[in-house]
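Right, one structure below, let's go through it.
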Number of protein chains: 2
Amino acid sequence: MLFAEHGVGGTSLQMIAERIGVTKAAVYHQYNTKAEIIRAVAEAELDRLEMVLDEADAEGDAARKRDAVIIGVVDLAVERRRQVGTLLNDPVIARMYSKDERLLRVLGRLDQLVMGPDAGPGSALETAMLTAAISGAVIHPLVAHQKDDILRSELVRLVRRLLSLPV
Amino acid sequence: MLFAEHGVGGTSLQMIAERIGVTKAAVYHQYNTKAEIIRAVAEAELDRLEMVLDEADAEGDAARKRDAVIIGVVDLAVERRRQVGTLLNDPVIARMYSKDERLLRVLGRLDQLVMGPDAGPGSALETAMLTAAISGAVIHPLVAHQKDDILRSELVRLVRRLLSLPV
DNA sequence: GTCTATAGAATGATAGAC
DNA sequence: GTCTATCATTCTATAGAC
């Protein structure tokens, strides 16, 4: 993904068109502005996260929902290392979505699923740290070379420890 | 900081010059290329991190070093929320420093100080998660509004939990 | 839908005066 | 050291042919 390679602000429509294999004009036929492209990419990533939440929410009780969402989010982050980090960390997207109600709603749902229905308002920091830890760890210089399956199991273990859950 | 606001790739020399209050030509008198500016900013941030490590290393035993580095890194991240995230997450800097020996050496030192002298190679992921969690949490949408002092104490508490340390 | 061609602004970088 | 002026290139975006 180009946004993850050069940052959103450092990616031009020329690059995007060349990567796809068409001209700029063809890209502009699908999207009217660069902002629209950014939005489409961010929304697609949010779709994936929401699917993970939906699947977890289909579980029976709160504990199973929580376990499912932890595994699901870790899987998503490992599978799409760079993209998840871009969504959460790129300053252009951050500015675009700082007041976006969908992003806040999805993060709120994640918070509820992870921390349980009786979570107070103080749980936000814990959830923030959780998502930051996962999305940041998978692209960290110290971990860049790590194999997917080892990364997955270790991340789940550390996340559970962060949440004071039994491993 | 402009790099934190628009990303490194999305920041132009025009913007930098205007922010300082001079012309582009004046900036080019100090730095020969844009890459040189990026490097200077990243090095300054690394300097700060290394100073924190130096102070922690001056403590007596391993446990005190570890406690000092946790508090120092959290303080640094809260004090410079955006900048720390930029150094660790911006793809342009990441590419520039992916094979930089100084960055790897500093992160290695951090790993040693946090995990102790008897830490195995598996500790890298734990340290990666730690730095990612701290640097990512402080700029997270769910936490952006949080006051500095509360953020500081809560982060230290959660970091210690992540490391299985007594709070 | 995709192309060529182009407009007008912004980009990184340089030359030369003060 | 800082300025104005400029260079070649690239940028976002549009017009119009096929």
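In the structure tokens, each chain is lettered A, B, ... as it comes, each chain's residues begin at 1, and ligands are numbered from 1 in order of appearance.
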Cut-off 9 Å: closest chain D/chain A atom pairs per residue, using only C-alpha atoms (C1' of nucleotides), as CSV:
residue,atom,partner,partner_atom,distance
D:DC11,C1',A:Ser12,CA,7.5
D:DT12,C1',A:Leu13,CA,8.0
D:DA13,C1',A:Thr33,CA,8.1
D:DT14,C1',A:Ala25,CA,8.9
Residues from last step as file, N, CA, C and O atoms (P, O5', C5', C4', C3', O3' and C1' of nucleotides), as a PDB file, in the first residue's frame:
ATOM      1  P    DC D  11       4.436  13.800  -8.417  1.00  0.00           P
ATOM      2  O5'  DC D  11       3.358  14.918  -8.073  1.00  0.00           O
ATOM      3  C5'  DC D  11       3.508  15.677  -6.871  1.00  0.00           C
ATOM      4  C4'  DC D  11       2.415  16.732  -6.777  1.00  0.00           C
ATOM      5  C3'  DC D  11       1.034  16.205  -7.160  1.00  0.00           C
ATOM      6  O3'  DC D  11       0.379  15.719  -5.999  1.00  0.00           O
ATOM      7  C1'  DC D  11       1.479  18.334  -8.183  1.00  0.00           C
ATOM      8  P    DT D  12      -0.927  14.825  -6.203  1.00  0.00           P
ATOM      9  O5'  DT D  12      -2.104  15.863  -6.478  1.00  0.00           O
ATOM     10  C5'  DT D  12      -2.437  16.839  -5.488  1.00  0.00           C
ATOM     11  C4'  DT D  12      -3.459  17.812  -6.057  1.00  0.00           C
ATOM     12  C3'  DT D  12      -4.797  17.159  -6.429  1.00  0.00           C
ATOM     13  O3'  DT D  12      -5.859  18.003  -5.988  1.00  0.00           O
ATOM     14  C1'  DT D  12      -3.917  18.305  -8.315  1.00  0.00           C
ATOM     15  P    DA D  13      -7.399  17.465  -6.118  1.00  0.00           P
ATOM     16  O5'  DA D  13      -7.811  17.925  -7.581  1.00  0.00           O
ATOM     17  C5'  DA D  13      -7.751  19.315  -7.908  1.00  0.00           C
ATOM     18  C4'  DA D  13      -8.002  19.512  -9.396  1.00  0.00           C
ATOM     19  C3'  DA D  13      -9.209  18.751  -9.973  1.00  0.00           C
ATOM     20  O3'  DA D  13     -10.236  19.686 -10.281  1.00  0.00           O
ATOM     21  C1'  DA D  13      -7.325  18.732 -11.441  1.00  0.00           C
ATOM     22  P    DT D  14     -11.593  19.219 -10.962  1.00  0.00           P
ATOM     23  O5'  DT D  14     -11.293  19.528 -12.499  1.00  0.00           O
ATOM     24  C5'  DT D  14     -10.778  20.804 -12.860  1.00  0.00           C
ATOM     25  C4'  DT D  14     -10.646  20.908 -14.363  1.00  0.00           C
ATOM     26  C3'  DT D  14     -11.845  20.415 -15.161  1.00  0.00           C
ATOM     27  O3'  DT D  14     -12.228  21.415 -16.092  1.00  0.00           O
ATOM     28  C1'  DT D  14      -9.848  19.440 -15.980  1.00  0.00           C
TER      29       DT D  14
END
Worksheet item: Contacts of Leu87 of chain A at 12 Å or less, counting only C-alpha atoms (C1' of nucleotides), minus same-chain residues fewer than 2 places along, as number ranges by chain?
Response: A: 1, 3-4, 7-8, 38-49, 77, 80-85, 89-98, 103, 131-132, 135-136; B: 89, 140-141
Discussion item. Need to verify the contact set: segment 124-128 of chain A, 8 Å, only C-alpha atoms (C1' of nucleotides), exclusion of same-chain residues closer than 4 positions in sequence. Can you return it as number ranges by chain?
Written reply: A: 110-111, 114-115, 132, 163; B: 136-137, 140-143, 154, 158
Selection to disk with C-alpha atoms, as a PDB file, in the first residue's frame:
ATOM      1  CA  LEU A 110     -14.107  -2.063  20.603  1.00  0.00           C
ATOM      2  CA  ASP A 111     -13.767  -0.527  24.041  1.00  0.00           C
ATOM      3  CA  VAL A 114     -12.698  -5.546  25.346  1.00  0.00           C
ATOM      4  CA  MET A 115     -13.474  -4.035  28.716  1.00  0.00           C
ATOM      5  CA  ALA A 132      -1.728   1.380  19.858  1.00  0.00           C
ATOM      6  CA  LEU A 163      -5.654  -6.505  30.465  1.00  0.00           C
TER       7      LEU A 163
ATOM      8  CA  GLY B 136       0.631   5.400  20.202  1.00  0.00           C
ATOM      9  CA  ALA B 137      -1.570   5.840  23.241  1.00  0.00           C
ATOM     10  CA  HIS B 140      -4.821   8.061  20.228  1.00  0.00           C
ATOM     11  CA  PRO B 141      -8.237   9.537  19.297  1.00  0.00           C
ATOM     12  CA  LEU B 142      -9.708   8.118  22.509  1.00  0.00           C
ATOM     13  CA  VAL B 143      -7.073   9.869  24.633  1.00  0.00           C
ATOM     14  CA  GLU B 154      -2.122   5.842  34.172  1.00  0.00           C
ATOM     15  CA  LEU B 158      -0.448   0.072  32.581  1.00  0.00           C
TER      16      LEU B 158
END
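With only C-alpha atoms (C1' of nucleotides) as the basis for measurement, C:DG1 is the residue among C:DG1, C:DA7, C:DC18, C:DA13 that approaches chain A most closely.
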For chain A versus chain C, which residues have an atom no more than 8 Å away, and what is each residue's nearest atom pair and distance in Å rounded to one decimal, using only C-alpha atoms (C1' of nucleotides), chain-then-number order, as a tab-separated table?
residue	atom	partner	partner_atom	distance
A:Val22	CA	C:DT2	C1'	7.7
A:Thr23	CA	C:DT2	C1'	7.7
A:Ala25	CA	C:DT2	C1'	7.8
A:Ala26	CA	C:DT2	C1'	5.8
A:His29	CA	C:DG1	C1'	7.7
Next, dump the selected residues to file, keeping only all heavy atoms, as an mmCIF file, in the first residue's frame.
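That gives us result-v8.cif:
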data_model
loop_
_atom_site.group_PDB
_atom_site.id
_atom_site.type_symbol
_atom_site.label_atom_id
_atom_site.label_comp_id
_atom_site.auth_asym_id
_atom_site.auth_seq_id
_atom_site.Cartn_x
_atom_site.Cartn_y
_atom_site.Cartn_z
ATOM 1 N N VAL A 22 -2.871 2.611 -14.668
ATOM 2 C CA VAL A 22 -3.658 3.480 -15.554
ATOM 3 C C VAL A 22 -3.110 4.906 -15.471
ATOM 4 O O VAL A 22 -2.097 5.143 -14.812
ATOM 5 C CB VAL A 22 -5.154 3.486 -15.152
ATOM 6 C CG1 VAL A 22 -5.753 2.108 -15.354
ATOM 7 C CG2 VAL A 22 -5.313 3.946 -13.723
ATOM 8 N N THR A 23 -3.762 5.834 -16.113
ATOM 9 C CA THR A 23 -3.325 7.223 -16.050
ATOM 10 C C THR A 23 -4.073 7.958 -14.944
ATOM 11 O O THR A 23 -5.076 7.486 -14.413
ATOM 12 C CB THR A 23 -3.582 7.965 -17.382
ATOM 13 O OG1 THR A 23 -4.975 7.926 -17.649
ATOM 14 C CG2 THR A 23 -2.795 7.321 -18.505
ATOM 15 N N ALA A 25 -5.910 10.530 -15.223
ATOM 16 C CA ALA A 25 -7.269 10.877 -15.649
ATOM 17 C C ALA A 25 -8.245 9.751 -15.347
ATOM 18 O O ALA A 25 -9.393 9.996 -14.966
ATOM 19 C CB ALA A 25 -7.281 11.232 -17.134
ATOM 20 N N ALA A 26 -7.785 8.508 -15.507
ATOM 21 C CA ALA A 26 -8.652 7.359 -15.216
ATOM 22 C C ALA A 26 -8.980 7.293 -13.738
ATOM 23 O O ALA A 26 -10.105 6.943 -13.354
ATOM 24 C CB ALA A 26 -7.979 6.072 -15.676
ATOM 25 N N HIS A 29 -11.597 9.690 -12.840
ATOM 26 C CA HIS A 29 -12.945 9.317 -13.269
ATOM 27 C C HIS A 29 -13.665 8.562 -12.159
ATOM 28 O O HIS A 29 -14.883 8.629 -12.036
ATOM 29 C CB HIS A 29 -12.872 8.459 -14.537
ATOM 30 C CG HIS A 29 -14.207 8.084 -15.083
ATOM 31 N ND1 HIS A 29 -14.793 6.860 -14.851
ATOM 32 C CD2 HIS A 29 -15.102 8.774 -15.820
ATOM 33 C CE1 HIS A 29 -15.968 6.823 -15.437
ATOM 34 N NE2 HIS A 29 -16.181 7.973 -16.041
#
Worksheet entry | Residue list (helix (DSSP H, G or I), DSSP) for segment 13-141 of chain B, as a ChimeraX atom specification | /B:13-20,24-30,34-57,62-79,81-89,91-97,101-115,123-137
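Nearest to Ala56 of chain A of all the residues A:Thr11, A:Gln112, A:Ser164, A:Ser153 is A:Gln112, counting only C-alpha atoms.
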Worksheet item: If you measure from atom CA of Ile71 of chain B to atom CA of Val156 of chain B, what distance in Å do you get, rounded to one decimal?
Response: 6.5 Å
